[in-house]
Amino acid sequence: MIVEIGHFALALALGVAVVQSLVPLWGVSRQDRALASVGSMAAVTCFLLVALSFGALVVSYVRSDFSVENVASNSHSTQPLIYKLTSVWGNHEGSMLLWVLILTLFGAMVALSRRSLPARLRAGTLAAQGLVTVAFLAFTLLTSNPFRRLVPAPAEGQDLNPILQDLGLAIHPPLLYVGYVGFSITYAFAVAALIDGRIDAVWARAVRPWTLLAWVFLTLGIAMGSYWAYYELGWGGWWFWDPVENASLMPWLAGTALIHSTVVMEKRDSLKVWTILLAILTFSLSLLGTFIVRSGVLTSVHSFASDPQRGLFILGILIFFVGGSLALFAWRAPLLRQGGLFAPVSREGALVVNNVFIATSCATVFIGTLYPLVLEMVTGDKISVGPPFFNATFVPVLVPLLLVLPLGQSLAWKRGDLLGAAQRNAAAFGFAVIVALATVAVTQGGPVIAPLGIGLGVFLVTGAIMDLGERIVARASGWPAILSRARGLPRSAWGTAFAHAGVGLSVIGIAAAAWSTEAIGELKPGERLTSGRYTIVLESVTPRNGPNFRAEVARFQLFSGNRELAPVEAAKRVYVARAMPTTEAGIRTDWLSQAYIGLGDTQPNGAVAVRLYDKPLILLIWLGAIVMAFGGALSLTDRRFRLAAPRRATPSPVAAQPAE
């Protein structure tokens, strides 16, 4: 019965979402507050119904109800409970239900944020969000129903894909989806503002925390996915420019640009048209990622579905929302009022430069990802666009952006002093140069650009620290005054510094990958293998059984030079239900570096194939992402976002406004 309740709740949510998408707009057009407020009630109700439906699917997995096709295809009675839970979203149907759950959660959050949003803007936003919800609920019910029954029910399930049976998959998809779906709210804000005809600092203040929230979760989701691929797939790499990885990177880049442009819009009432366009494009890129993953246009370890019917349905959603919003933008954007002016050399000007570089880098990823797919569809020819293309196009665009980032942070609003900003960052730049030269002196081999990358990362971290220090220490006499200024500094300033420093830490980790070493060998017990600073000695290979798998576990003694470290285990598993092997890497963390052991097949002579990697400073890649996300979360706690947005006057008709 719980399955039927879940299915019915999902269908009922579709009806409520239709009400949410239509009635508030009708109320706004008729100046009827009661009708306009229906959107809030509908959004909360829709979330509760979808939450009930999602809970029903979770219960079905926990009970191992194999009469449900989705459970039978993706679970097994011997799976640990944690993987029964992750199985809920470890498949296409369940992941779409999670997507809709998060979609309706954001709608409910907007509905409940009564003090922070003007009534007209909230009504229009909920209507636009409701329309998105209608599309994805219809997609789920018509093509991806997670509650379909099997008659007769099998006695046992087929098990979850073994590479997804990992704790990282309990964390990665929900984080990523909150980021993806969170940008639907910024999209809804943009559509509502275009329909209403007024976009100003009030709108920027309202949309900025939602953008930050989505960006924080998307940052964490991408980082978690990268680390999962690093330790679970056994390849020893952290990023492969896989099309699905790129699909998450593109909205992250666009969202980063959107965050910075909303700052300019809130401060100076400028960049209105560009900010609205970014809000539309960011969610459009999220939809594009959904199409890539679920349409069957590519085969990837990340992809969920290969049903052409689903692909066509998502393509229709993509065309409707992207095409419709861009058409609305083309119609209404020319009627927006002109905003405030600023000098080219100013904080606003630096943020414009920031947007140009980020948009260009996003475009290079977009072309490199989509061009092979489009070419194959049109001509049937297959080409591979991989790391060489992206490294040659993406990196040269990103480097100048990172170089000017500390300078832009030091400029004043409206009109800045470039020479003064350069002088304030001279010490940070000099220290970065010294670190880069020292890196050249103490390392051997590697590309020339690697020490430059280390220096660039140090420049970003040091520049962020010095910018904070100047704000706190300047014109302060004594520690009490310094502490008082530190406490009084807006949290958004602290958050910005942490986010920029996090970028620097990740850059250092990425640059240090140039000195990563690899050694491959076939070892018998007692034999050793050396790679870089690390040496391993194979002690034993023993069988071990898990709840739903068999494993061959190799135990190694690890040495760093003459220093003996703790033993490390690596394994090859075979999951019984699917007879599918997986690799469990053995990883030893040594400060910010890691020794990484990948286990291969057992050879006819009894030896075991082993890969040993020395990964210097590898953890800085993900530590930097965590620091970035922390900076965004810290900015979210800024006092301005806890206060109600200033109320604007009743808008006059769009036609009466001067054109931009």
# chains A, B, ... in the order shown; residues from 1 in each chain; ligands from 1
call {"tool": "select_by_dssp", "arguments": {"residues": "range 412-553 of chain A", "states": "strand (DSSP E)", "output": "PyMOL selection string"}}
result
chain A and resi 517-523+528-531+534-545+549-553
call {"tool": "write_last_selection", "arguments": {"atoms": "N, CA and C atoms", "output": "PDB file, in the first residue's frame"}}
result
ATOM      1  N   THR A 517      54.152  10.861  -9.496  1.00  0.00           N
ATOM      2  CA  THR A 517      54.891   9.780 -10.155  1.00  0.00           C
ATOM      3  C   THR A 517      54.086   8.494 -10.089  1.00  0.00           C
ATOM      4  N   GLU A 518      54.365   7.595 -11.020  1.00  0.00           N
ATOM      5  CA  GLU A 518      53.647   6.318 -11.116  1.00  0.00           C
ATOM      6  C   GLU A 518      54.651   5.206 -11.388  1.00  0.00           C
ATOM      7  N   ALA A 519      54.470   4.082 -10.729  1.00  0.00           N
ATOM      8  CA  ALA A 519      55.272   2.883 -10.984  1.00  0.00           C
ATOM      9  C   ALA A 519      54.340   1.687 -11.088  1.00  0.00           C
ATOM     10  N   ILE A 520      54.585   0.816 -12.043  1.00  0.00           N
ATOM     11  CA  ILE A 520      53.761  -0.364 -12.292  1.00  0.00           C
ATOM     12  C   ILE A 520      54.646  -1.604 -12.157  1.00  0.00           C
ATOM     13  N   GLY A 521      54.173  -2.597 -11.455  1.00  0.00           N
ATOM     14  CA  GLY A 521      54.951  -3.822 -11.301  1.00  0.00           C
ATOM     15  C   GLY A 521      54.076  -5.006 -10.965  1.00  0.00           C
ATOM     16  N   GLU A 522      54.664  -6.187 -11.033  1.00  0.00           N
ATOM     17  CA  GLU A 522      54.014  -7.430 -10.625  1.00  0.00           C
ATOM     18  C   GLU A 522      54.763  -7.961  -9.416  1.00  0.00           C
ATOM     19  N   LEU A 523      54.090  -8.003  -8.292  1.00  0.00           N
ATOM     20  CA  LEU A 523      54.743  -8.326  -7.026  1.00  0.00           C
ATOM     21  C   LEU A 523      54.278  -9.658  -6.469  1.00  0.00           C
ATOM     22  N   ARG A 528      59.200  -5.587  -3.637  1.00  0.00           N
ATOM     23  CA  ARG A 528      58.919  -4.179  -3.405  1.00  0.00           C
ATOM     24  C   ARG A 528      58.800  -3.393  -4.703  1.00  0.00           C
ATOM     25  N   LEU A 529      58.174  -2.226  -4.575  1.00  0.00           N
ATOM     26  CA  LEU A 529      57.984  -1.326  -5.703  1.00  0.00           C
ATOM     27  C   LEU A 529      58.134   0.099  -5.188  1.00  0.00           C
ATOM     28  N   THR A 530      58.833   0.948  -5.939  1.00  0.00           N
ATOM     29  CA  THR A 530      59.099   2.319  -5.516  1.00  0.00           C
ATOM     30  C   THR A 530      58.566   3.304  -6.539  1.00  0.00           C
ATOM     31  N   SER A 531      57.933   4.358  -6.041  1.00  0.00           N
ATOM     32  CA  SER A 531      57.473   5.461  -6.886  1.00  0.00           C
ATOM     33  C   SER A 531      57.661   6.752  -6.111  1.00  0.00           C
ATOM     34  N   TYR A 534      57.852   7.069  -2.105  1.00  0.00           N
ATOM     35  CA  TYR A 534      57.256   5.934  -1.406  1.00  0.00           C
ATOM     36  C   TYR A 534      57.735   4.599  -1.975  1.00  0.00           C
ATOM     37  N   THR A 535      57.870   3.626  -1.076  1.00  0.00           N
ATOM     38  CA  THR A 535      58.190   2.253  -1.427  1.00  0.00           C
ATOM     39  C   THR A 535      57.206   1.341  -0.712  1.00  0.00           C
ATOM     40  N   ILE A 536      56.686   0.351  -1.412  1.00  0.00           N
ATOM     41  CA  ILE A 536      55.788  -0.616  -0.803  1.00  0.00           C
ATOM     42  C   ILE A 536      56.400  -2.002  -0.900  1.00  0.00           C
ATOM     43  N   VAL A 537      56.108  -2.834   0.112  1.00  0.00           N
ATOM     44  CA  VAL A 537      56.509  -4.235   0.132  1.00  0.00           C
ATOM     45  C   VAL A 537      55.244  -5.063   0.317  1.00  0.00           C
ATOM     46  N   LEU A 538      54.976  -5.974  -0.619  1.00  0.00           N
ATOM     47  CA  LEU A 538      53.785  -6.820  -0.519  1.00  0.00           C
ATOM     48  C   LEU A 538      53.988  -7.850   0.579  1.00  0.00           C
ATOM     49  N   GLU A 539      53.112  -7.831   1.582  1.00  0.00           N
ATOM     50  CA  GLU A 539      53.209  -8.775   2.686  1.00  0.00           C
ATOM     51  C   GLU A 539      52.377 -10.025   2.442  1.00  0.00           C
ATOM     52  N   SER A 540      51.136  -9.841   1.971  1.00  0.00           N
ATOM     53  CA  SER A 540      50.256 -11.002   1.796  1.00  0.00           C
ATOM     54  C   SER A 540      49.075 -10.653   0.915  1.00  0.00           C
ATOM     55  N   VAL A 541      48.447 -11.680   0.360  1.00  0.00           N
ATOM     56  CA  VAL A 541      47.188 -11.549  -0.362  1.00  0.00           C
ATOM     57  C   VAL A 541      46.241 -12.588   0.208  1.00  0.00           C
ATOM     58  N   THR A 542      45.135 -12.130   0.797  1.00  0.00           N
ATOM     59  CA  THR A 542      44.221 -13.038   1.483  1.00  0.00           C
ATOM     60  C   THR A 542      42.790 -12.797   1.028  1.00  0.00           C
ATOM     61  N   PRO A 543      41.959 -13.861   0.997  1.00  0.00           N
ATOM     62  CA  PRO A 543      40.542 -13.684   0.654  1.00  0.00           C
ATOM     63  C   PRO A 543      39.779 -13.109   1.841  1.00  0.00           C
ATOM     64  N   ARG A 544      38.726 -12.365   1.513  1.00  0.00           N
ATOM     65  CA  ARG A 544      37.873 -11.782   2.551  1.00  0.00           C
ATOM     66  C   ARG A 544      36.483 -11.631   1.977  1.00  0.00           C
ATOM     67  N   ASN A 545      35.474 -11.948   2.756  1.00  0.00           N
ATOM     68  CA  ASN A 545      34.090 -11.869   2.303  1.00  0.00           C
ATOM     69  C   ASN A 545      33.381 -10.699   2.974  1.00  0.00           C
ATOM     70  N   PHE A 549      29.774  -9.374  -1.288  1.00  0.00           N
ATOM     71  CA  PHE A 549      30.889  -9.445  -2.226  1.00  0.00           C
ATOM     72  C   PHE A 549      31.984 -10.370  -1.678  1.00  0.00           C
ATOM     73  N   ARG A 550      32.840 -10.821  -2.589  1.00  0.00           N
ATOM     74  CA  ARG A 550      34.064 -11.531  -2.237  1.00  0.00           C
ATOM     75  C   ARG A 550      35.242 -10.651  -2.615  1.00  0.00           C
ATOM     76  N   ALA A 551      36.301 -10.706  -1.857  1.00  0.00           N
ATOM     77  CA  ALA A 551      37.432  -9.822  -2.112  1.00  0.00           C
ATOM     78  C   ALA A 551      38.756 -10.548  -1.934  1.00  0.00           C
ATOM     79  N   GLU A 552      39.734 -10.105  -2.710  1.00  0.00           N
ATOM     80  CA  GLU A 552      41.128 -10.484  -2.514  1.00  0.00           C
ATOM     81  C   GLU A 552      41.847  -9.236  -2.011  1.00  0.00           C
ATOM     82  N   VAL A 553      42.334  -9.298  -0.784  1.00  0.00           N
ATOM     83  CA  VAL A 553      42.911  -8.123  -0.124  1.00  0.00           C
ATOM     84  C   VAL A 553      44.423  -8.269  -0.060  1.00  0.00           C
TER      85      VAL A 553
END
call {"tool": "closest_residue", "arguments": {"among": "A:Ala499, A:Val378, A:Val59, A:Ile510", "to": "Leu212 in chain A", "atoms": "only C-alpha atoms"}}
result
A:Ala499
call {"tool": "residues_around", "arguments": {"residues": "Leu126 in chain A", "least_positions_apart": "5", "cutoff": "8 Å", "atoms": "only C-alpha atoms", "output": "number ranges by chain"}}
result
A: 20-21, 24, 39-40, 43, 107, 110-111, 188
call {"tool": "residues_around", "arguments": {"residues": "Phe431 in chain A", "least_positions_apart": "2", "cutoff": "12 Å", "atoms": "only C-alpha atoms", "output": "count of residues only"}}
result
22
call {"tool": "closest_residue", "arguments": {"among": "A:Phe313, A:Ala493, A:Gly168, A:Val134", "to": "Gly15 in chain A", "atoms": "only C-alpha atoms"}}
result
A:Val134
call {"tool": "select_by_dssp", "arguments": {"residues": "range 171-356 of chain A", "states": "alpha helix (DSSP H)", "output": "MDAnalysis selection string"}}
result
chainID A and resid 171:196 201:232 243:268 272:294 308:318 324:332 347:356
call {"tool": "write_last_selection", "arguments": {"atoms": "C-alpha atoms", "output": "short mmCIF file (atom, residue, chain, number, x, y, z; two decimals), in the first residue's frame"}}
result
data_model
loop_
_atom_site.label_atom_id
_atom_site.label_comp_id
_atom_site.auth_asym_id
_atom_site.auth_seq_id
_atom_site.Cartn_x
_atom_site.Cartn_y
_atom_site.Cartn_z
CA ILE A 171 26.88 12.37 -0.27
CA HIS A 172 27.77 13.30 -3.85
CA PRO A 173 24.38 13.19 -5.69
CA PRO A 174 22.34 15.08 -3.06
CA LEU A 175 24.98 17.82 -2.88
CA LEU A 176 25.20 18.04 -6.65
CA TYR A 177 21.43 18.10 -7.09
CA VAL A 178 20.96 20.88 -4.55
CA GLY A 179 23.42 22.89 -6.64
CA TYR A 180 21.84 22.02 -9.98
CA VAL A 181 18.26 22.50 -8.82
CA GLY A 182 19.09 25.50 -6.65
CA PHE A 183 19.82 27.49 -9.77
CA SER A 184 16.22 26.89 -10.83
CA ILE A 185 15.29 29.52 -8.22
CA THR A 186 17.61 32.11 -9.75
CA TYR A 187 16.06 31.23 -13.12
CA ALA A 188 12.59 31.67 -11.65
CA PHE A 189 13.60 35.02 -10.16
CA ALA A 190 14.84 36.16 -13.56
CA VAL A 191 11.66 35.09 -15.36
CA ALA A 192 9.50 36.74 -12.69
CA ALA A 193 11.47 39.98 -12.96
CA LEU A 194 11.18 40.02 -16.74
CA ILE A 195 7.43 39.48 -16.53
CA ASP A 196 7.08 42.14 -13.82
CA ALA A 201 18.89 46.34 -6.26
CA VAL A 202 15.92 44.83 -4.42
CA TRP A 203 15.88 41.98 -6.92
CA ALA A 204 19.66 41.52 -6.64
CA ARG A 205 19.44 41.45 -2.83
CA ALA A 206 16.67 38.85 -3.03
CA VAL A 207 18.36 36.55 -5.54
CA ARG A 208 21.93 36.67 -4.22
CA PRO A 209 21.54 34.34 -1.18
CA TRP A 210 19.80 31.71 -3.32
CA THR A 211 22.61 31.90 -5.85
CA LEU A 212 25.19 31.55 -3.09
CA LEU A 213 23.36 28.60 -1.57
CA ALA A 214 23.22 26.72 -4.88
CA TRP A 215 26.86 27.56 -5.63
CA VAL A 216 28.05 26.30 -2.23
CA PHE A 217 26.33 22.94 -2.67
CA LEU A 218 27.42 22.58 -6.29
CA THR A 219 31.03 23.29 -5.25
CA LEU A 220 30.86 20.59 -2.59
CA GLY A 221 29.09 18.19 -4.95
CA ILE A 222 31.71 18.56 -7.68
CA ALA A 223 34.53 18.16 -5.13
CA MET A 224 32.93 15.06 -3.61
CA GLY A 225 32.39 13.55 -7.05
CA SER A 226 35.99 14.24 -7.98
CA TYR A 227 37.29 12.58 -4.82
CA TRP A 228 34.95 9.62 -5.26
CA ALA A 229 36.23 9.04 -8.80
CA TYR A 230 39.79 9.41 -7.51
CA TYR A 231 39.61 6.71 -4.85
CA GLU A 232 36.86 4.44 -6.19
CA PRO A 243 31.41 15.15 -20.62
CA VAL A 244 29.38 14.57 -17.46
CA GLU A 245 32.07 16.20 -15.33
CA ASN A 246 32.01 19.12 -17.73
CA ALA A 247 28.22 19.23 -17.44
CA SER A 248 28.59 20.07 -13.74
CA LEU A 249 31.51 22.44 -14.29
CA MET A 250 29.63 24.68 -16.76
CA PRO A 251 26.80 25.75 -14.41
CA TRP A 252 29.39 26.17 -11.65
CA LEU A 253 31.34 28.62 -13.81
CA ALA A 254 28.19 30.46 -14.87
CA GLY A 255 26.99 30.53 -11.25
CA THR A 256 30.32 31.99 -10.15
CA ALA A 257 29.92 34.78 -12.70
CA LEU A 258 26.31 35.28 -11.54
CA ILE A 259 27.37 35.72 -7.91
CA HIS A 260 29.82 38.46 -8.87
CA SER A 261 27.40 40.23 -11.21
CA THR A 262 24.67 40.33 -8.53
CA VAL A 263 27.17 42.08 -6.26
CA VAL A 264 27.59 44.84 -8.86
CA MET A 265 23.85 45.04 -9.38
CA GLU A 266 23.16 45.30 -5.65
CA LYS A 267 25.88 47.91 -5.07
CA ARG A 268 25.55 50.04 -8.22
CA LYS A 272 20.95 44.32 -15.13
CA VAL A 273 20.63 42.76 -18.56
CA TRP A 274 23.79 40.70 -18.15
CA THR A 275 22.77 39.46 -14.70
CA ILE A 276 19.35 38.35 -15.91
CA LEU A 277 20.94 36.57 -18.87
CA LEU A 278 23.41 34.81 -16.55
CA ALA A 279 20.58 33.65 -14.28
CA ILE A 280 18.83 32.11 -17.30
CA LEU A 281 21.99 30.55 -18.74
CA THR A 282 23.13 29.04 -15.43
CA PHE A 283 19.98 26.97 -15.01
CA SER A 284 19.94 26.26 -18.76
CA LEU A 285 23.38 24.68 -18.39
CA SER A 286 22.03 22.60 -15.49
CA LEU A 287 19.24 21.38 -17.78
CA LEU A 288 21.81 20.65 -20.46
CA GLY A 289 23.74 18.51 -17.98
CA THR A 290 20.52 16.63 -17.22
CA PHE A 291 20.01 15.98 -20.93
CA ILE A 292 23.59 14.75 -21.39
CA VAL A 293 23.38 12.34 -18.43
CA ARG A 294 19.92 10.93 -19.14
CA PRO A 308 15.59 7.66 -26.44
CA GLN A 309 12.04 8.42 -25.27
CA ARG A 310 13.41 9.97 -22.10
CA GLY A 311 16.02 11.84 -24.09
CA LEU A 312 13.38 13.38 -26.36
CA PHE A 313 11.25 14.36 -23.36
CA ILE A 314 14.18 16.10 -21.66
CA LEU A 315 15.15 17.72 -24.96
CA GLY A 316 11.61 19.11 -25.13
CA ILE A 317 11.95 20.47 -21.57
CA LEU A 318 15.31 21.99 -22.49
CA GLY A 324 11.07 30.37 -23.89
CA SER A 325 13.14 32.27 -21.34
CA LEU A 326 15.52 33.60 -23.99
CA ALA A 327 12.55 34.75 -26.08
CA LEU A 328 11.10 36.49 -23.01
CA PHE A 329 14.52 38.02 -22.37
CA ALA A 330 14.78 39.31 -25.95
CA TRP A 331 11.32 40.88 -25.63
CA ARG A 332 11.57 42.49 -22.20
CA ARG A 347 35.67 47.25 -8.22
CA GLU A 348 32.73 47.07 -10.62
CA GLY A 349 35.06 47.15 -13.61
CA ALA A 350 37.15 44.35 -12.12
CA LEU A 351 34.01 42.27 -11.62
CA VAL A 352 33.06 42.86 -15.25
CA VAL A 353 36.50 41.60 -16.30
CA ASN A 354 35.94 38.64 -13.99
CA ASN A 355 32.66 37.88 -15.76
CA VAL A 356 34.23 38.13 -19.21
#
call {"tool": "atom_distance", "arguments": {"atom1": "CA of Ala153 in chain A", "atom2": "CA of Tyr575 in chain A"}}
result
22.3 Å
call {"tool": "closest_residue", "arguments": {"among": "A:Val62, A:Ala56, A:Ala36, A:Leu150", "to": "Ala123 in chain A", "atoms": "only C-alpha atoms"}}
result
A:Ala36
call {"tool": "decode", "arguments": {"residues": "range 264-300 of chain A", "atoms": "C-alpha atoms", "output": "tab-separated table (two decimals), in the first residue's frame"}}
result
chain	number	residue	atom	x	y	z
A	264	VAL	CA	27.59	44.84	-8.86
A	265	MET	CA	23.85	45.04	-9.38
A	266	GLU	CA	23.16	45.30	-5.65
A	267	LYS	CA	25.88	47.91	-5.07
A	268	ARG	CA	25.55	50.04	-8.22
A	269	ASP	CA	22.23	49.00	-9.81
A	270	SER	CA	24.23	48.07	-12.94
A	271	LEU	CA	24.69	45.03	-15.23
A	272	LYS	CA	20.95	44.32	-15.13
A	273	VAL	CA	20.63	42.76	-18.56
A	274	TRP	CA	23.79	40.70	-18.15
A	275	THR	CA	22.77	39.46	-14.70
A	276	ILE	CA	19.35	38.35	-15.91
A	277	LEU	CA	20.94	36.57	-18.87
A	278	LEU	CA	23.41	34.81	-16.55
A	279	ALA	CA	20.58	33.65	-14.28
A	280	ILE	CA	18.83	32.11	-17.30
A	281	LEU	CA	21.99	30.55	-18.74
A	282	THR	CA	23.13	29.04	-15.43
A	283	PHE	CA	19.98	26.97	-15.01
A	284	SER	CA	19.94	26.26	-18.76
A	285	LEU	CA	23.38	24.68	-18.39
A	286	SER	CA	22.03	22.60	-15.49
A	287	LEU	CA	19.24	21.38	-17.78
A	288	LEU	CA	21.81	20.65	-20.46
A	289	GLY	CA	23.74	18.51	-17.98
A	290	THR	CA	20.52	16.63	-17.22
A	291	PHE	CA	20.01	15.98	-20.93
A	292	ILE	CA	23.59	14.75	-21.39
A	293	VAL	CA	23.38	12.34	-18.43
A	294	ARG	CA	19.92	10.93	-19.14
A	295	SER	CA	19.41	11.02	-22.90
A	296	GLY	CA	21.74	8.19	-23.89
A	297	VAL	CA	23.85	10.45	-26.14
A	298	LEU	CA	26.98	9.21	-24.38
A	299	THR	CA	28.19	6.28	-22.33
A	300	SER	CA	29.87	7.20	-19.06
